[in-house]
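Next up, model11.txt (compact mmCIF, C-alpha atoms and all ligand atoms):
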```
# COMPACT_ATOMS: atom_id res chain seq x y z
CA MET M 412 16.54 26.95 5.40
CA ALA M 413 15.89 23.88 3.38
CA THR M 414 12.35 22.92 2.60
CA LYS M 415 10.99 19.42 2.57
CA THR M 416 8.40 17.83 0.40
CA LYS M 417 5.50 16.19 2.11
CA THR M 418 5.01 12.96 0.27
CA PRO M 419 1.69 11.30 0.93
CA LYS M 420 2.05 7.70 1.98
CA SER M 421 1.86 5.23 -0.83
CA ASN M 422 -1.27 3.20 -0.91
CA GLY M 423 0.65 0.36 -2.43
CA LYS M 424 -1.15 0.52 -5.78
CA LYS M 425 0.69 0.36 -9.03
CA GLY M 426 0.68 3.72 -10.80
CA GLU M 427 1.39 5.71 -7.66
CA THR M 428 5.13 5.39 -8.09
CA ARG M 429 5.38 7.99 -10.80
CA ARG M 430 3.39 10.57 -8.83
CA ASP M 431 5.54 9.98 -5.77
CA PHE M 432 8.62 10.46 -7.91
CA LEU M 433 7.26 13.72 -9.27
CA GLN M 434 6.64 14.97 -5.77
CA LEU M 435 10.16 14.10 -4.72
CA THR M 436 11.65 15.71 -7.79
CA ALA M 437 9.74 18.94 -7.33
CA GLY M 438 10.58 19.02 -3.66
CA ALA M 439 14.28 18.62 -4.31
CA PHE M 440 14.15 21.43 -6.85
CA GLY M 441 12.25 23.55 -4.35
CA ALA M 442 14.81 22.91 -1.64
CA VAL M 443 17.63 24.07 -3.91
CA GLY M 444 15.77 27.26 -4.79
CA ALA M 445 15.05 28.10 -1.17
CA ALA M 446 18.57 27.38 -0.05
CA SER M 447 20.17 29.55 -2.72
CA VAL M 448 18.05 32.53 -1.76
CA ALA M 449 18.51 32.06 1.94
CA TRP M 450 22.26 31.52 2.03
CA PRO M 451 23.49 35.16 1.87
CA LEU M 452 21.38 35.97 4.91
CA ILE M 453 22.83 33.30 7.11
CA ASN M 454 26.10 35.08 7.74
CA SER M 455 24.72 38.52 8.35
CA LEU M 456 21.20 38.40 9.71
CA ASN M 457 19.08 36.42 12.05
CA PRO M 458 18.69 33.30 9.93
CA ALA M 459 15.55 31.85 11.42
CA LYS M 460 13.28 34.81 10.82
CA ASP M 461 14.75 36.34 7.70
CA THR M 462 15.31 33.07 5.92
CA LEU M 463 11.75 32.11 6.53
CA ALA M 464 10.41 35.45 5.29
CA LEU M 465 12.39 35.53 2.05
CA ALA M 466 12.47 31.89 1.08
CA THR M 467 11.22 31.11 -2.38
CA THR M 468 10.55 27.76 -3.93
CA GLU M 469 11.21 27.06 -7.59
CA VAL M 470 9.29 24.26 -9.20
CA ASP M 471 9.92 22.51 -12.49
CA LEU M 472 6.48 21.76 -13.89
CA SER M 473 7.61 19.93 -17.00
CA PRO M 474 7.27 16.36 -15.61
CA LEU M 475 3.56 16.84 -14.87
CA LEU M 476 1.09 15.28 -17.23
CA VAL M 477 -2.41 16.70 -17.66
CA GLY M 478 -4.47 15.77 -14.62
CA GLN M 479 -1.49 15.24 -12.33
CA SER M 480 -0.70 17.15 -9.16
CA ILE M 481 2.37 17.72 -7.05
CA THR M 482 2.86 19.04 -3.55
CA VAL M 483 5.86 21.21 -2.72
CA MET M 484 6.76 22.94 0.51
CA TRP M 485 7.03 26.72 0.67
CA ARG M 486 7.73 28.55 3.91
CA GLY M 487 6.72 25.46 5.82
CA LYS M 488 3.37 25.14 4.05
CA PRO M 489 2.23 22.59 1.48
CA VAL M 490 1.53 24.11 -1.91
CA PHE M 491 -0.67 22.18 -4.28
CA ILE M 492 0.01 22.45 -8.00
CA ARG M 493 -2.37 20.80 -10.42
CA ARG M 494 -2.09 20.62 -14.18
CA ARG M 495 -5.77 20.83 -14.91
CA SER M 496 -7.56 19.02 -17.69
CA GLU M 497 -9.90 20.83 -20.07
CA LYS M 498 -12.80 19.32 -18.15
CA GLU M 499 -11.51 20.65 -14.83
CA ILE M 500 -11.03 24.11 -16.31
CA GLU M 501 -14.53 24.07 -17.79
CA GLU M 502 -16.02 23.00 -14.46
CA ALA M 503 -14.15 25.77 -12.66
CA ARG M 504 -15.47 28.38 -15.10
CA ASP M 505 -19.01 27.14 -15.50
CA VAL M 506 -20.02 28.46 -12.09
CA ASP M 507 -22.37 31.19 -10.88
CA VAL M 508 -19.84 33.27 -8.99
CA ALA M 509 -22.58 35.26 -7.26
CA ALA M 510 -23.70 32.07 -5.53
CA LEU M 511 -20.27 31.35 -4.04
CA SER M 512 -19.57 32.13 -0.40
CA ASP M 513 -16.11 33.48 -1.31
CA LYS M 514 -16.79 35.12 -4.66
CA GLN M 515 -13.88 34.74 -7.03
CA THR M 516 -13.78 33.86 -10.69
CA ASP M 517 -11.47 31.11 -11.80
CA GLU M 518 -9.74 33.65 -14.04
CA ASP M 519 -8.79 35.66 -10.94
CA ARG M 520 -7.16 32.64 -9.38
CA VAL M 521 -4.85 31.44 -12.14
CA GLN M 522 -2.21 32.95 -14.38
CA LYS M 523 -2.53 30.21 -16.97
CA PRO M 524 -5.73 28.15 -17.03
CA GLU M 525 -3.90 24.85 -17.12
CA TRP M 526 -1.93 25.52 -13.92
CA LEU M 527 -3.62 25.92 -10.55
CA VAL M 528 -1.36 26.83 -7.60
CA LEU M 529 -2.80 26.79 -4.08
CA VAL M 530 -1.73 26.81 -0.47
CA GLY M 531 -2.89 23.36 0.60
CA ILE M 532 -4.29 24.34 3.99
CA CYS M 533 -8.00 24.27 4.71
CA THR M 534 -9.29 27.73 5.59
CA HIS M 535 -11.46 26.35 8.38
CA LEU M 536 -9.02 25.08 11.00
CA GLY M 537 -5.93 24.31 9.00
CA CYS M 538 -6.04 20.64 8.02
CA VAL M 539 -4.47 19.54 4.75
CA PRO M 540 -7.20 18.55 2.27
CA THR M 541 -7.08 15.34 0.27
CA GLY M 542 -7.24 15.15 -3.51
CA GLN M 543 -3.66 15.51 -4.65
CA LYS M 544 -3.68 11.88 -5.68
CA SER M 545 -6.38 10.71 -8.06
CA THR M 546 -7.10 7.89 -5.60
CA GLU M 547 -7.90 10.29 -2.75
CA PRO M 548 -11.32 11.80 -2.05
CA ARG M 549 -11.80 15.06 -3.97
CA GLY M 550 -15.21 15.99 -2.64
CA GLU M 551 -18.42 16.74 -4.46
CA TYR M 552 -16.86 19.36 -6.73
CA GLY M 553 -13.85 17.40 -7.95
CA GLY M 554 -11.15 19.53 -6.38
CA TRP M 555 -10.11 18.79 -2.81
CA PHE M 556 -11.85 17.51 0.29
CA CYS M 557 -11.00 18.35 3.88
CA PRO M 558 -11.74 15.28 5.99
CA CYS M 559 -11.50 17.11 9.31
CA HIS M 560 -14.96 18.68 9.16
CA GLY M 561 -16.09 18.07 5.60
CA SER M 562 -15.21 21.06 3.43
CA HIS M 563 -15.48 20.58 -0.33
CA TYR M 564 -13.33 22.63 -2.70
CA ASP M 565 -13.83 22.81 -6.45
CA THR M 566 -11.34 22.56 -9.32
CA SER M 567 -10.39 26.18 -8.74
CA GLY M 568 -9.80 25.54 -5.01
CA ARG M 569 -12.91 27.52 -4.05
CA ILE M 570 -14.98 26.53 -1.06
CA ARG M 571 -18.29 25.10 -2.23
CA LYS M 572 -19.66 23.19 0.74
CA GLY M 573 -18.79 22.79 4.42
CA PRO M 574 -17.56 25.05 7.22
CA ALA M 575 -14.48 26.59 5.61
CA PRO M 576 -15.07 30.34 5.16
CA LYS M 577 -12.60 31.07 2.37
CA ASN M 578 -11.21 29.63 -0.82
CA LEU M 579 -7.84 27.90 -0.66
CA ALA M 580 -5.30 30.71 -0.85
CA VAL M 581 -3.33 31.40 -4.01
CA PRO M 582 0.29 32.20 -3.13
CA ASP M 583 2.37 34.80 -4.92
CA TYR M 584 4.21 33.15 -7.78
CA VAL M 585 5.66 33.95 -11.19
CA PHE M 586 6.33 31.86 -14.24
CA THR M 587 10.08 31.87 -14.83
CA SER M 588 9.63 29.90 -18.06
CA ASP M 589 6.79 28.11 -19.82
CA THR M 590 7.17 25.18 -17.45
CA ALA M 591 8.65 26.57 -14.25
CA ILE M 592 7.40 28.79 -11.47
CA LYS M 593 8.93 30.55 -8.51
CA ILE M 594 6.69 30.73 -5.46
CA GLY M 595 7.20 33.57 -3.04
S1 LIG Z 601 -10.19 22.10 9.03
FE1 LIG Z 601 -11.01 21.67 7.06
S2 LIG Z 601 -13.12 21.52 7.40
FE2 LIG Z 601 -12.34 21.99 9.36
```
Any chance you could give the structure as structure tokens?
Amino acid sequence: MATKTKTPKSNGKKGETRRDFLQLTAGAFGAVGAASVAWPLINSLNPAKDTLALATTEVDLSPLLVGQSITVMWRGKPVFIRRRSEKEIEEARDVDVAALSDKQTDEDRVQKPEWLVLVGICTHLGCVPTGQKSTEPRGEYGGWFCPCHGSHYDTSGRIRKGPAPKNLAVPDYVFTSDTAIKIG
């Protein structure tokens, strides 16, 4: 089952073109990865269910510059990947974890500090937060903002303000090289 990249609509500003291109590139790579895993199942098993369950998405991270984000699709869900700046990493770590509603350290949420990988679905009622583009609202903590009911996520994807009960989920993934991951 091929996956598709959700590409946020262009706002018409110069400078957005490169980000859009990165999203398309990553999505195409992801679609190839998912299709190659799913194909052997199509002839022998129920494709809809089994393909969905086993699909993985491979993402080439090398085009991302520091501070940039991409969105790829994995099992029908948007996955946010951000190459964090030093400032974003510091902000994510300079936090009193005991004061968080969903207590997780930043270290528990990343494999490499520079790379944050999240399921881009608000844990309140399932909207897709904004903040993947630098021009979108990122909320009071510089991460992502859910416009549906006003949840603010920080630069580790943790819920900091608003009705969402949990941090943005971190999917299973592995680094297949210094600059590539396989999700799922
Ligand atoms: S769905 Fe995100 S705050 Fe309600």
Nearest to ligand LIG 601 (chain Z) among M:Gln522, M:Ser562, M:Gln479, M:Ser496, with distances taken over all atoms listed in the file: which residue is it?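 The closest residue to ligand LIG 601 (chain Z) is M:Ser562.
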Among the residues M:Ser473, M:Ser512, M:Ser545, M:Thr467, the one that comes closest to Lys572 (chain M) [using only C-alpha atoms]: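 Using only C-alpha atoms, the shortest distance to Lys572 (chain M) belongs to M:Ser512.
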Please find the residues contacting ligand LIG 601 (chain Z) at a distance of at most 12 Å between atoms, with only C-alpha atoms and all ligand atoms counted, and report them as a PyMOL selection string. chain M and resi 531-541+550+555-564+570-579
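The two atoms in question, CA of Trp485 (chain M) and CA of Asp583 (chain M), are spaced 10.9 Å apart.
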Taking 5 positions as the minimum chain separation for residues in the same chain, which residues sit within 10 Å of Ala591 (chain M) when counting all atoms listed in the file? Answer as a PDB file with C-alpha atoms, keeping the file's coordinate frame.
```
ATOM      1  CA  GLU M 469      11.210  27.060  -7.590  1.00  0.00           C
ATOM      2  CA  VAL M 470       9.290  24.260  -9.200  1.00  0.00           C
ATOM      3  CA  ASP M 471       9.920  22.510 -12.490  1.00  0.00           C
ATOM      4  CA  LEU M 472       6.480  21.760 -13.890  1.00  0.00           C
ATOM      5  CA  SER M 473       7.610  19.930 -17.000  1.00  0.00           C
ATOM      6  CA  VAL M 585       5.660  33.950 -11.190  1.00  0.00           C
ATOM      7  CA  PHE M 586       6.330  31.860 -14.240  1.00  0.00           C
TER       8      PHE M 586
END
```
Selected residue of minimal separation from Ile500 (chain M) among M:Pro474, M:Pro524, M:Gly542, M:Gly554, counting only C-alpha atoms: M:Pro524
CA of Arg493 (chain M) to CA of Asp507 (chain M), distance in Å rounded to a single decimal: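 Atom-to-atom, CA of Arg493 (chain M) to CA of Asp507 (chain M), that is 22.5 Å.
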Using all atoms listed in the file, what residues lie at most 7 Å away from (-1.2, 17.0, -17.3) (file coordinates), given as an MDAnalysis selection string? chainID M and resid 475:479 494:496
Tell me, in Å to one decimal, how far CA of Leu527 (chain M) is from CA of Val490 (chain M).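 Between CA of Leu527 (chain M) and CA of Val490 (chain M) the gap works out to 10.2 Å.
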